[in-house]
Structures are given as C-alpha cells and as structure tokens.
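Q: Below you'll find data02.cif; it's mmCIF, C-alpha atoms.
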data_target
#
loop_
_atom_site.label_atom_id
_atom_site.label_comp_id
_atom_site.auth_asym_id
_atom_site.auth_seq_id
_atom_site.Cartn_x
_atom_site.Cartn_y
_atom_site.Cartn_z
CA MET A 6 46.63 139.73 139.48
CA ALA A 7 49.73 141.83 138.86
CA GLY A 8 52.03 140.43 136.21
CA GLY A 9 50.11 137.21 135.73
CA GLN A 10 51.54 135.94 138.98
CA TYR A 11 50.71 132.70 140.77
CA ILE A 12 50.30 132.79 144.55
CA LEU A 13 51.60 129.79 146.50
CA TRP A 14 50.39 129.55 150.10
CA ALA A 15 52.91 127.36 151.85
CA THR A 16 55.51 127.01 154.60
CA PRO A 17 59.21 126.12 154.31
CA HIS A 18 58.83 122.92 156.35
CA SER A 19 55.79 121.54 154.47
CA LEU A 20 56.34 118.26 152.64
CA TYR A 21 53.94 118.93 149.77
CA ALA A 22 54.86 122.61 149.53
CA GLY A 23 58.36 121.43 148.63
CA LYS A 24 56.93 119.57 145.65
CA ALA A 25 54.82 122.50 144.44
CA ARG A 26 57.60 125.05 144.96
CA SER A 27 60.13 122.97 143.05
CA TYR A 28 57.70 122.61 140.16
CA LEU A 29 57.00 126.36 140.02
CA ILE A 30 60.73 127.13 140.07
CA LYS A 31 61.51 124.65 137.31
CA LYS A 32 58.51 125.75 135.25
CA GLY A 33 59.75 129.32 135.36
CA VAL A 34 56.32 130.88 135.89
CA PRO A 35 56.14 134.04 138.01
CA TYR A 36 54.97 133.23 141.50
CA ARG A 37 54.99 134.62 145.00
CA GLU A 38 55.07 132.45 148.11
CA VAL A 39 52.87 133.60 150.97
CA SER A 40 52.76 132.24 154.50
CA ALA A 41 49.90 129.97 155.51
CA ALA A 42 49.23 132.51 158.29
CA ASP A 43 48.12 135.03 155.67
CA PRO A 44 44.71 136.49 156.72
CA GLU A 45 43.38 136.26 153.15
CA PHE A 46 44.34 132.60 153.01
CA LEU A 47 42.70 131.76 156.32
CA GLY A 48 39.64 133.93 155.83
CA GLU A 49 38.87 133.53 152.12
CA VAL A 50 40.84 130.72 150.52
CA ILE A 51 40.45 127.94 153.09
CA PRO A 52 36.62 128.26 153.12
CA GLN A 53 36.72 127.71 149.34
CA VAL A 54 38.97 124.66 149.70
CA GLY A 55 36.82 123.16 152.44
CA HIS A 56 39.52 122.19 154.93
CA MET A 57 42.80 123.54 156.29
CA VAL A 58 45.61 122.38 154.06
CA ILE A 59 48.74 123.58 152.26
CA PRO A 60 49.93 124.09 149.64
CA VAL A 61 47.23 125.96 147.75
CA VAL A 62 47.80 127.94 144.56
CA ARG A 63 45.83 130.80 143.06
CA THR A 64 46.31 131.10 139.33
CA PRO A 65 46.59 134.45 137.49
CA THR A 66 42.93 134.03 136.49
CA GLY A 67 41.88 133.63 140.13
CA GLU A 68 41.32 129.86 140.21
CA ILE A 69 42.04 128.25 143.58
CA VAL A 70 43.81 124.89 143.22
CA GLN A 71 44.64 122.49 146.04
CA ASP A 72 46.73 119.28 145.89
CA THR A 73 50.10 119.20 144.19
CA THR A 74 48.85 116.86 141.47
CA ALA A 75 46.03 119.24 140.58
CA ILE A 76 48.39 122.22 140.75
CA ILE A 77 50.80 120.64 138.29
CA ASP A 78 48.01 119.46 135.97
CA THR A 79 46.47 122.94 135.92
CA ILE A 80 49.70 124.77 135.11
CA GLU A 81 50.86 122.19 132.57
CA ALA A 82 47.58 122.59 130.69
CA CYS A 83 48.06 126.33 130.17
CA THR A 84 51.87 126.56 130.09
CA PRO A 85 53.24 123.78 127.89
CA ALA A 86 56.88 124.97 127.91
CA PRO A 87 59.21 123.91 129.33
CA ASP A 88 57.82 120.43 128.79
CA PHE A 89 58.26 118.08 131.73
CA THR A 90 56.31 115.19 130.17
CA PRO A 91 58.64 112.54 128.73
CA PRO A 92 57.89 111.75 125.08
CA GLY A 93 57.92 107.98 125.57
CA PRO A 94 54.75 106.24 126.79
CA VAL A 95 56.69 103.83 129.03
CA GLN A 96 58.68 106.77 130.38
CA GLN A 97 55.36 108.46 131.23
CA VAL A 98 54.14 105.41 133.15
CA VAL A 99 57.38 105.29 135.14
CA ALA A 100 57.13 109.02 135.91
CA HIS A 101 53.62 108.49 137.28
CA VAL A 102 54.76 105.52 139.40
CA LEU A 103 57.59 107.49 141.00
CA ASP A 104 55.38 110.54 141.51
CA ALA A 105 52.85 108.44 143.43
CA PHE A 106 55.56 106.58 145.37
CA GLY A 107 57.25 109.74 146.58
CA SER A 108 54.02 111.61 147.31
CA ASN A 109 52.39 108.76 149.25
CA TYR A 110 54.55 105.83 150.30
CA LEU A 111 57.40 107.96 151.63
CA LEU A 112 55.14 110.20 153.73
CA PRO A 113 55.25 107.94 156.85
CA LEU A 114 59.02 107.58 156.55
CA ALA A 115 59.47 111.34 156.31
CA MET A 116 57.20 111.83 159.32
CA HIS A 117 59.19 109.22 161.25
CA TYR A 118 62.49 110.99 160.77
CA ARG A 119 60.94 114.30 161.76
CA TRP A 120 59.04 113.21 164.87
CA SER A 121 60.76 110.08 166.17
CA TYR A 122 63.93 112.19 166.46
CA ARG A 123 62.18 115.31 167.72
CA ASP A 124 64.38 115.53 170.82
CA ARG A 125 67.51 115.89 168.66
CA GLN A 126 66.09 118.64 166.43
CA GLU A 127 63.60 120.38 168.71
CA LEU A 128 64.82 123.96 168.31
CA PHE A 129 65.02 123.74 164.54
CA LEU A 130 61.51 122.32 164.26
CA ARG A 131 60.03 124.78 166.73
CA THR A 132 61.61 127.66 164.86
CA GLU A 133 60.29 126.38 161.52
CA PHE A 134 56.76 125.88 162.82
CA ALA A 135 56.85 129.25 164.57
CA ARG A 136 57.43 130.98 161.23
CA ALA A 137 53.79 130.32 160.31
CA ILE A 138 52.41 131.77 163.57
CA PRO A 139 51.89 135.55 163.29
CA HIS A 140 51.39 138.45 165.66
CA MET A 141 53.08 137.00 168.75
CA PRO A 142 56.40 137.58 170.51
CA HIS A 143 59.04 135.06 169.47
CA GLU A 144 59.00 133.04 172.68
CA GLN A 145 55.22 132.78 172.61
CA ARG A 146 55.35 131.63 169.00
CA LEU A 147 57.85 128.92 169.96
CA GLU A 148 55.56 127.74 172.74
CA THR A 149 52.56 127.62 170.42
CA ALA A 150 54.64 125.85 167.79
CA GLY A 151 55.51 123.15 170.32
CA LYS A 152 51.85 122.37 170.88
CA LEU A 153 51.23 122.17 167.14
CA MET A 154 54.24 119.88 166.74
CA THR A 155 52.90 117.52 169.38
CA ARG A 156 49.69 117.23 167.39
CA PHE A 157 51.59 116.31 164.22
CA ALA A 158 53.79 113.84 166.09
CA GLY A 159 50.60 112.15 167.25
CA PHE A 160 49.91 111.08 163.65
CA LEU A 161 52.72 108.49 163.71
CA PRO A 162 50.75 105.44 164.96
CA ASN A 163 48.08 105.86 162.27
CA LEU A 164 50.89 106.05 159.71
CA GLY A 165 52.29 102.75 160.96
CA VAL A 166 55.34 104.24 162.68
CA THR A 167 55.84 102.18 165.85
CA GLU A 168 58.86 100.95 167.77
CA ALA A 169 58.38 97.48 166.30
CA VAL A 170 58.69 98.60 162.67
CA ILE A 171 61.11 101.54 162.90
CA PRO A 172 64.26 99.40 162.33
CA ALA A 173 62.72 97.92 159.17
CA MET A 174 61.65 101.37 157.98
CA GLU A 175 65.12 102.79 158.45
CA GLU A 176 66.68 99.80 156.69
CA SER A 177 64.29 100.30 153.77
CA TYR A 178 65.22 103.98 153.56
CA ALA A 179 68.91 103.13 153.48
CA GLU A 180 68.22 100.82 150.52
CA LEU A 181 66.36 103.57 148.69
CA LEU A 182 69.06 106.17 149.34
CA ALA A 183 71.73 103.79 148.06
CA VAL A 184 70.08 103.19 144.67
CA LEU A 185 69.12 106.85 144.30
CA ASP A 186 72.64 107.99 145.08
CA LYS A 187 74.09 105.62 142.48
CA HIS A 188 71.59 106.95 139.94
CA PHE A 189 72.35 110.61 140.68
CA GLN A 190 76.06 109.97 140.32
CA GLN A 191 75.36 109.50 136.61
CA HIS A 192 72.19 111.47 135.84
CA PRO A 193 70.93 114.91 136.93
CA TYR A 194 67.28 113.83 137.12
CA LEU A 195 65.38 110.59 137.49
CA LEU A 196 64.52 110.13 133.82
CA GLY A 197 67.65 111.73 132.42
CA GLY A 198 68.44 115.33 131.56
CA ARG A 199 65.09 116.95 132.39
CA PRO A 200 62.90 116.91 135.49
CA SER A 201 59.53 115.18 135.30
CA LEU A 202 56.66 114.20 137.57
CA ALA A 203 58.99 111.55 138.95
CA ASP A 204 61.32 114.21 140.34
CA PHE A 205 58.58 116.46 141.69
CA GLY A 206 56.86 113.57 143.46
CA MET A 207 60.08 112.36 145.05
CA MET A 208 60.96 115.94 146.02
CA ALA A 209 57.95 116.02 148.36
CA PRO A 210 59.47 113.84 151.12
CA LEU A 211 63.12 114.08 150.18
CA TYR A 212 63.38 117.85 150.58
CA ALA A 213 61.41 119.48 153.40
CA HIS A 214 61.66 116.60 155.86
CA LEU A 215 64.53 114.38 154.81
CA ALA A 216 67.01 116.98 153.47
CA ARG A 217 66.18 120.01 155.65
CA ASP A 218 65.52 118.50 159.08
CA PRO A 219 68.82 118.11 160.96
CA VAL A 220 68.80 114.38 161.76
CA PRO A 221 67.72 112.98 158.37
CA GLY A 222 69.57 115.81 156.62
CA PHE A 223 72.84 114.68 158.20
CA LEU A 224 72.04 111.10 157.21
CA MET A 225 71.40 112.06 153.59
CA LYS A 226 74.49 114.25 153.31
CA THR A 227 76.81 111.65 154.82
CA THR A 228 75.43 108.53 153.12
CA ALA A 229 73.85 109.81 149.89
CA PRO A 230 75.43 113.18 148.99
CA ASN A 231 74.33 112.92 145.37
CA VAL A 232 70.71 112.72 146.49
CA PHE A 233 71.20 115.84 148.56
CA ARG A 234 72.77 117.57 145.55
CA TRP A 235 69.67 116.59 143.52
CA THR A 236 67.42 118.34 146.08
CA GLU A 237 69.49 121.50 145.55
CA ARG A 238 69.26 121.09 141.78
CA MET A 239 65.50 120.73 142.03
CA ASN A 240 65.24 124.17 143.63
CA CYS A 241 67.15 125.94 140.85
CA ALA A 242 65.47 127.15 137.66
CA GLU A 243 68.53 126.25 135.60
CA ILE A 244 71.83 124.90 136.77
CA GLU A 245 75.10 124.36 134.96
CA ASP A 246 76.20 121.37 136.98
CA PRO A 247 79.90 120.43 136.60
CA ASP A 248 78.98 116.88 137.60
CA PHE A 249 77.39 116.37 134.18
CA PRO A 250 79.44 118.12 131.49
CA GLY A 251 77.79 117.81 128.11
CA TYR A 252 74.70 116.04 129.47
CA GLU A 253 71.83 117.08 127.20
CA ALA A 254 68.80 118.65 128.88
CA SER A 255 66.43 116.09 127.39
CA PHE A 256 64.80 112.75 128.02
CA PRO A 257 66.37 109.61 126.55
CA ALA A 258 65.38 108.86 122.96
CA GLY A 259 63.41 105.81 121.96
CA ASP A 260 61.38 105.62 125.20
CA ALA A 261 64.50 104.38 126.98
CA LEU A 262 65.22 104.69 130.69
CA PRO A 263 68.55 105.26 132.40
CA GLU A 264 69.90 101.84 133.35
CA THR A 265 70.41 102.91 136.96
CA LEU A 266 66.70 103.75 137.27
CA GLU A 267 65.75 100.08 137.13
CA ALA A 268 67.37 99.49 140.52
CA VAL A 269 65.23 102.33 141.89
CA LEU A 270 62.09 100.76 140.43
CA LYS A 271 62.94 97.39 141.98
CA VAL A 272 63.09 99.05 145.41
CA VAL A 273 59.86 100.94 144.76
CA PHE A 274 57.86 97.86 143.81
CA ALA A 275 59.32 95.67 146.57
CA GLN A 276 58.77 98.22 149.32
CA TRP A 277 55.37 99.60 148.32
CA GLY A 278 53.64 96.57 146.81
CA PRO A 279 52.52 94.76 150.02
CA GLY A 280 51.03 97.90 151.55
CA LEU A 281 49.25 98.99 148.38
CA ALA A 282 47.64 95.54 148.07
CA ALA A 283 46.46 95.78 151.67
CA ASP A 284 45.07 99.26 151.00
CA ALA A 285 43.07 97.92 148.03
CA ALA A 286 41.64 95.03 150.05
CA CYS A 287 40.61 97.37 152.87
CA PHE A 288 38.99 99.77 150.42
CA ASP A 289 36.96 96.95 148.89
CA ARG A 290 35.81 95.83 152.35
CA TRP A 291 34.73 99.39 153.11
CA VAL A 292 32.79 99.67 149.84
CA SER A 293 31.02 96.35 150.50
CA SER A 294 29.94 97.62 153.93
CA LEU A 295 28.10 100.61 152.47
CA ALA A 296 24.33 100.38 152.14
CA ASP A 297 24.30 102.52 149.01
CA PRO A 298 27.79 103.14 147.57
CA ALA A 299 26.63 105.75 145.10
CA PRO A 300 29.03 107.57 142.79
CA GLY A 301 30.25 110.75 144.41
CA GLN A 302 30.10 109.39 147.96
CA LEU A 303 32.89 110.74 150.15
CA VAL A 304 35.73 108.28 150.75
CA SER A 305 36.15 108.50 154.52
CA HIS A 306 35.75 106.21 157.50
CA ASN A 307 33.81 108.82 159.46
CA GLY A 308 32.32 111.14 156.84
CA ALA A 309 34.86 113.90 157.48
CA ARG A 310 36.56 115.81 154.67
CA GLN A 311 40.27 115.01 154.84
CA VAL A 312 43.25 115.37 152.54
CA HIS A 313 44.42 111.84 153.33
CA PRO A 314 41.39 109.91 154.64
CA HIS A 315 41.34 106.30 155.73
CA VAL A 316 38.58 103.71 155.51
CA GLY A 317 39.79 101.31 158.20
CA ARG A 318 42.96 99.92 159.69
CA ILE A 319 45.12 97.34 157.96
CA SER A 320 47.74 94.84 159.05
CA TYR A 321 50.17 93.02 156.77
CA PRO A 322 53.64 91.41 156.82
CA TRP A 323 56.40 93.72 155.63
CA ARG A 324 60.17 93.16 155.76
CA GLY A 325 59.96 90.67 158.62
CA VAL A 326 57.61 92.74 160.79
CA THR A 327 53.87 93.35 160.94
CA MET A 328 52.86 96.75 159.63
CA GLU A 329 49.70 98.13 161.22
CA ARG A 330 48.31 101.47 160.09
CA GLY A 331 45.34 103.34 158.75
CA SER A 332 44.53 102.54 155.15
CA GLN A 333 45.53 105.03 152.47
CA PRO A 334 42.92 105.48 149.71
CA HIS A 335 44.89 108.49 148.46
CA SER A 336 47.71 106.13 147.51
CA LEU A 337 45.28 104.04 145.45
CA TRP A 338 43.93 107.14 143.71
CA HIS A 339 47.38 108.53 142.94
CA PHE A 340 48.85 105.21 141.80
CA GLY A 341 45.75 104.80 139.64
CA ARG A 342 47.11 107.51 137.36
CA ALA A 343 50.09 105.31 136.59
CA GLN A 344 47.82 102.32 136.06
CA ALA A 345 45.60 104.30 133.68
CA ALA A 346 48.64 105.37 131.66
CA ALA A 347 49.79 101.74 131.52
CA ALA A 348 46.35 100.46 130.49
CA ALA A 349 46.32 102.88 127.56
CA LEU A 350 49.38 101.24 126.00
CA THR A 351 48.99 98.80 123.12
CA GLY A 352 51.20 96.75 120.87
CA ALA A 353 54.95 97.25 121.14
CA GLU A 354 54.58 99.87 123.86
CA ALA A 355 52.58 97.53 126.10
CA ALA A 356 55.07 94.75 125.43
CA ARG A 357 57.99 97.02 126.31
CA LEU A 358 56.35 97.97 129.61
CA ALA A 359 55.62 94.32 130.40
CA VAL A 360 59.29 93.44 129.93
CA LEU A 361 60.33 96.30 132.20
CA LEU A 362 57.85 95.26 134.90
CA ASP A 363 59.08 91.68 134.68
CA ARG A 364 62.68 92.81 135.18
CA THR A 365 61.84 95.11 138.08
CA GLY A 366 59.21 93.00 139.87
CA GLY A 367 56.36 95.44 139.26
CA ALA A 368 53.79 93.35 137.39
CA ALA A 369 51.79 92.29 140.47
CA MET A 370 51.65 95.80 141.88
CA MET A 371 50.55 97.30 138.57
CA ALA A 372 47.72 94.73 138.48
CA ILE A 373 46.25 95.75 141.86
CA ALA A 374 42.62 96.71 141.36
CA THR A 375 39.69 97.94 143.45
CA SER A 376 36.01 97.10 143.08
CA ARG A 377 35.20 100.77 142.48
CA PRO A 378 37.33 103.57 141.04
CA ILE A 379 38.33 106.53 143.20
CA ARG A 380 37.95 110.08 141.90
CA ARG A 381 39.00 113.43 143.27
CA GLU A 382 36.28 116.10 143.29
CA ASN A 383 36.06 119.39 145.16
CA ASN A 384 39.36 118.71 146.95
CA VAL A 385 38.31 115.32 148.39
CA LEU A 386 38.26 111.68 147.30
CA VAL A 387 34.91 110.23 146.22
CA LEU A 388 33.65 106.97 144.76
CA GLY A 389 33.61 106.64 141.01
#
Spit out the file's structure as structure tokens when you get a sec.
A:
Amino acid sequence: MAGGQYILWATPHSLYAGKARSYLIKKGVPYREVSAADPEFLGEVIPQVGHMVIPVVRTPTGEIVQDTTAIIDTIEACTPAPDFTPPGPVQQVVAHVLDAFGSNYLLPLAMHYRWSYRDRQELFLRTEFARAIPHMPHEQRLETAGKLMTRFAGFLPNLGVTEAVIPAMEESYAELLAVLDKHFQQHPYLLGGRPSLADFGMMAPLYAHLARDPVPGFLMKTTAPNVFRWTERMNCAEIEDPDFPGYEASFPAGDALPETLEAVLKVVFAQWGPGLAADAACFDRWVSSLADPAPGQLVSHNGARQVHPHVGRISYPWRGVTMERGSQPHSLWHFGRAQAAAAALTGAEAARLAVLLDRTGGAAMMAIATSRPIRRENNVLVLG
C-alpha cells in the first residue's frame, strides 16, 4: 500500500466512524477515508468481514480490521507514539469505563436525537445518507436515502426509545452535558492534557449524531458549548487552544484524575448501572436456555451474525419510567475490558480504585458479572 497508508471505509454521518476517524487523526498515522459505497469495499472487504458494517480499516500490511476497539488495539500495538494510554492503572480503568459508556450506552440516545426529530432535520439527513449512494442523479439518491433512513429509524423501539421514556432520556442527556461542559471548561480532554480511550469512546455518539445533526447540534452549542469545542479539538491533530494556556499535554501525575471528572463518573454509573445489570441477567437466562453452550457459540437470539446482537428483551425501572428494549451483550463485552483492568489491580492501586468507586457510586456496577465470559472472534461475539 502506497506510503504505508491506512484505509478507513466510513461515512461522515456514521457514529462509530467518528470514533475511528478521530483516533486516526490524533494518532497522526497516514490514512485515506473512502466511502462505504466503494466497489472494492462492497465486493471484497465486506465478504471478509462477514456482514455489512462500517467503519472498517485496512492496515498498511493488508489486514482487515472491523470494530473501533479492534482498530485502536491494532494500531496501538504497532504504533506506540503518541501514547494515548494513561500511565496510572486507575486512570486506565476509568478510560475503559468511559470508552464503553460512550460506545454503547449513548448509542440509543444518539439515535433518538437523530430519528425522533427527523422531521426537523430531514434535508440534512437525506443529504448525508445520499453521499454514500453512488451512480445516481442527486434527486434519485435523496429518494433512496429516505428509504434507508426509514429503516434506521425503525431501530428505535428495540433500543428502548419510546414516547414513554423520551422525556427521561432527554433529562439524562442534559445532566451529562452539564457535567461534561463544566469539565471541559477546565481541561482539554477527559483525563487531562492528552486524549485517551475515554475521549475516543465518547466521541462516537457526541460527534456524528449529537454535534453534527442540526437539532442535537443546536442543543449542544447553546447549552454545552465547551463540549462542542471538545468535538472540534478531537478532530485536530494538534491544537494550540487559547482556552488552556500553559496546560501540559500530559496525563496527571500520580494516577490522579481531574476533580471535575468525578462528577462525570457519577452520572455514568447512575445512568448506565440499572441497564447493564438487566443486560447481564438476560444474558445469563439466555445461556441457561442453551442445550449445549459450548465455547465459541455465537451470541445471538436468532443465530444471525450482527454487530450488536441481542439475546432477548429486557424491562427495568429507570429514572421513574420502565425501560423496555433488546438486551445488549456488546455492552457487557465492552465494559468487561474495564472490569478486567480493575481486577488486575492489587494493593494500593486496588484500594485507590475502591475509594474512587465509593465516591462516585460505581462499586455495584463494576461488580456486575455473567455466568460465562463473552469474547469477540471473527467480528462477532461468542461465548467464552
């Protein structure tokens, strides 16, 4: 591949493409972004992946990598600098928690603001979706885009987005924006002066859907302008930001966290904890229903390969309403990375994390466990 270049197959309006793109920009590796309508992608890459999904990256050595977590892991392993892994073990656990929260929990909220307000941002969305449809006149592409949009909007009920819960969802988002905005008034990134997994995971929903789409974009700019500024910062390789004169481009020493980040963690644990516990209980019920739950068995309610499968529907109380949605094993798998990092701590490090979790209300959520581990193999989730 010319110049050791990475290829990123993506679209501007894709939630997870926003995460991968931001990482590639910050990492400073040479890359070229190619539309998901690329014939090579559709004819050669997707058959290797096994299902239609973006983003996908091809490395300079020709390896095809799908899923933003796998993309970041792959590039970090061969390109250690600049280093986005905080030096502190507690800092690393927190980065994993926020990565999983942004990449999973905030997906339904991002989808809500895109599709529940479709009538107020129809032309923008049609135009964005039409960009990925080749070889048609513009008006025909817009018409085809509208049909594709209707399909995506149809995902809302399975994500738990219903009229009954929308007010609670929007209230929860306002809480999150408020603590994030206060944090970004004082710090350029979530863990201090350098981006980390925490920032890339949160970038997934907070950029393509919640900062770019007109309705949530207006909300973010008018109620949390420092969060919007952070999304701009995350798409710049380097930025001399006058908001933070003299702020060192490093993580805090001594495994410390910015004080304002604790308020963010309190919101994360309070908002995500009930749903994650319900996901774990549903997963265990699904495992117990299997005649032979052998290692390597596909995690799916119907045997289909999916990026975000479910293994049954769940119902649980949340913020004064009843949340009903498809279960999210991917959340359990992704959050499991944070739990594994936490379990590896001993002595003073483990004690320091325990104190932090006690202050932020995260101990119960970190203790959530499933009867069987979940692995990711060949671009799908399987039983461990």
Q: Kindly indicate which residue among A:Ser108, A:Gln145, A:Gln97, A:Asn384 lies nearest to A:Tyr212, using all atoms listed in the file for the distances.
A: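 Checking each candidate against A:Tyr212, we get A:Ser108 as the closest.
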Q: Using the chain letters and numbers from the file, which residues does the PyMOL selection byres ((chain A and resi 356-363) around 9) grab, as a list in words?
A: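 Selected by the PyMOL selection byres ((chain A and resi 356-363) around 9) here: Pro94, Val95, Val98, Glu267, Leu270, Lys271, Ala347, Leu350, Thr351, Gly352, Ala353, Glu354, Ala355, Arg364, Thr365, Gly366, Gly367, Ala368, Ala369 and Met371 of chain A.
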Q: I need the residue nearest A:Ala86 from this list: A:Ala213, A:Arg234, A:Val62, A:Val34. Use all atoms listed in the file for the distance.
A: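 Closest to A:Ala86 of all the choices is A:Val34.
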Q: Might you spell out which residues the PyMOL selection byres ((chain A and resi 237-250) around 9) would select in the displayed file, as a PyMOL selection string?
A: chain A and resi 23+26-33+190-194+200+204-205+208+212+232-236+251-253
Q: Could you jot down the atom CA of A:Ala179 to atom CA of A:Pro263 separation for me, Å, one decimal place?
A: 21.2 Å
Q: Do you know which residues the PyMOL selection byres ((chain A and resi 120) around 10) returns on this file, as a PyMOL selection string?
A: chain A and resi 115-119+121-127+130+154-155+157-161+166+214
Q: Of the residues A:Ala309, A:Leu112, A:Ala25, A:Val99, which is the one nearest to A:Gln71, using all atoms listed in the file?
A: A:Ala25
Q: Using only C-alpha atoms, which of the listed residues (A:Val70, A:Ala348, A:Ala169, A:Ala299) sits closest to A:Val326?
A: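 Smallest separation from A:Val326 among the options: A:Ala169.
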Q: Measure the distance from atom CA of A:Leu388 to atom CA of A:Gly301 in Å and round it to one decimal.
A: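 Between these atoms lies a distance of 5.1 Å.
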Q: Using all atoms listed in the file, which of the listed residues (A:Phe46, A:Phe223, A:Tyr178, A:Phe189) sits closest to A:Thr265?
A: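 Nearest to A:Thr265: A:Phe189.
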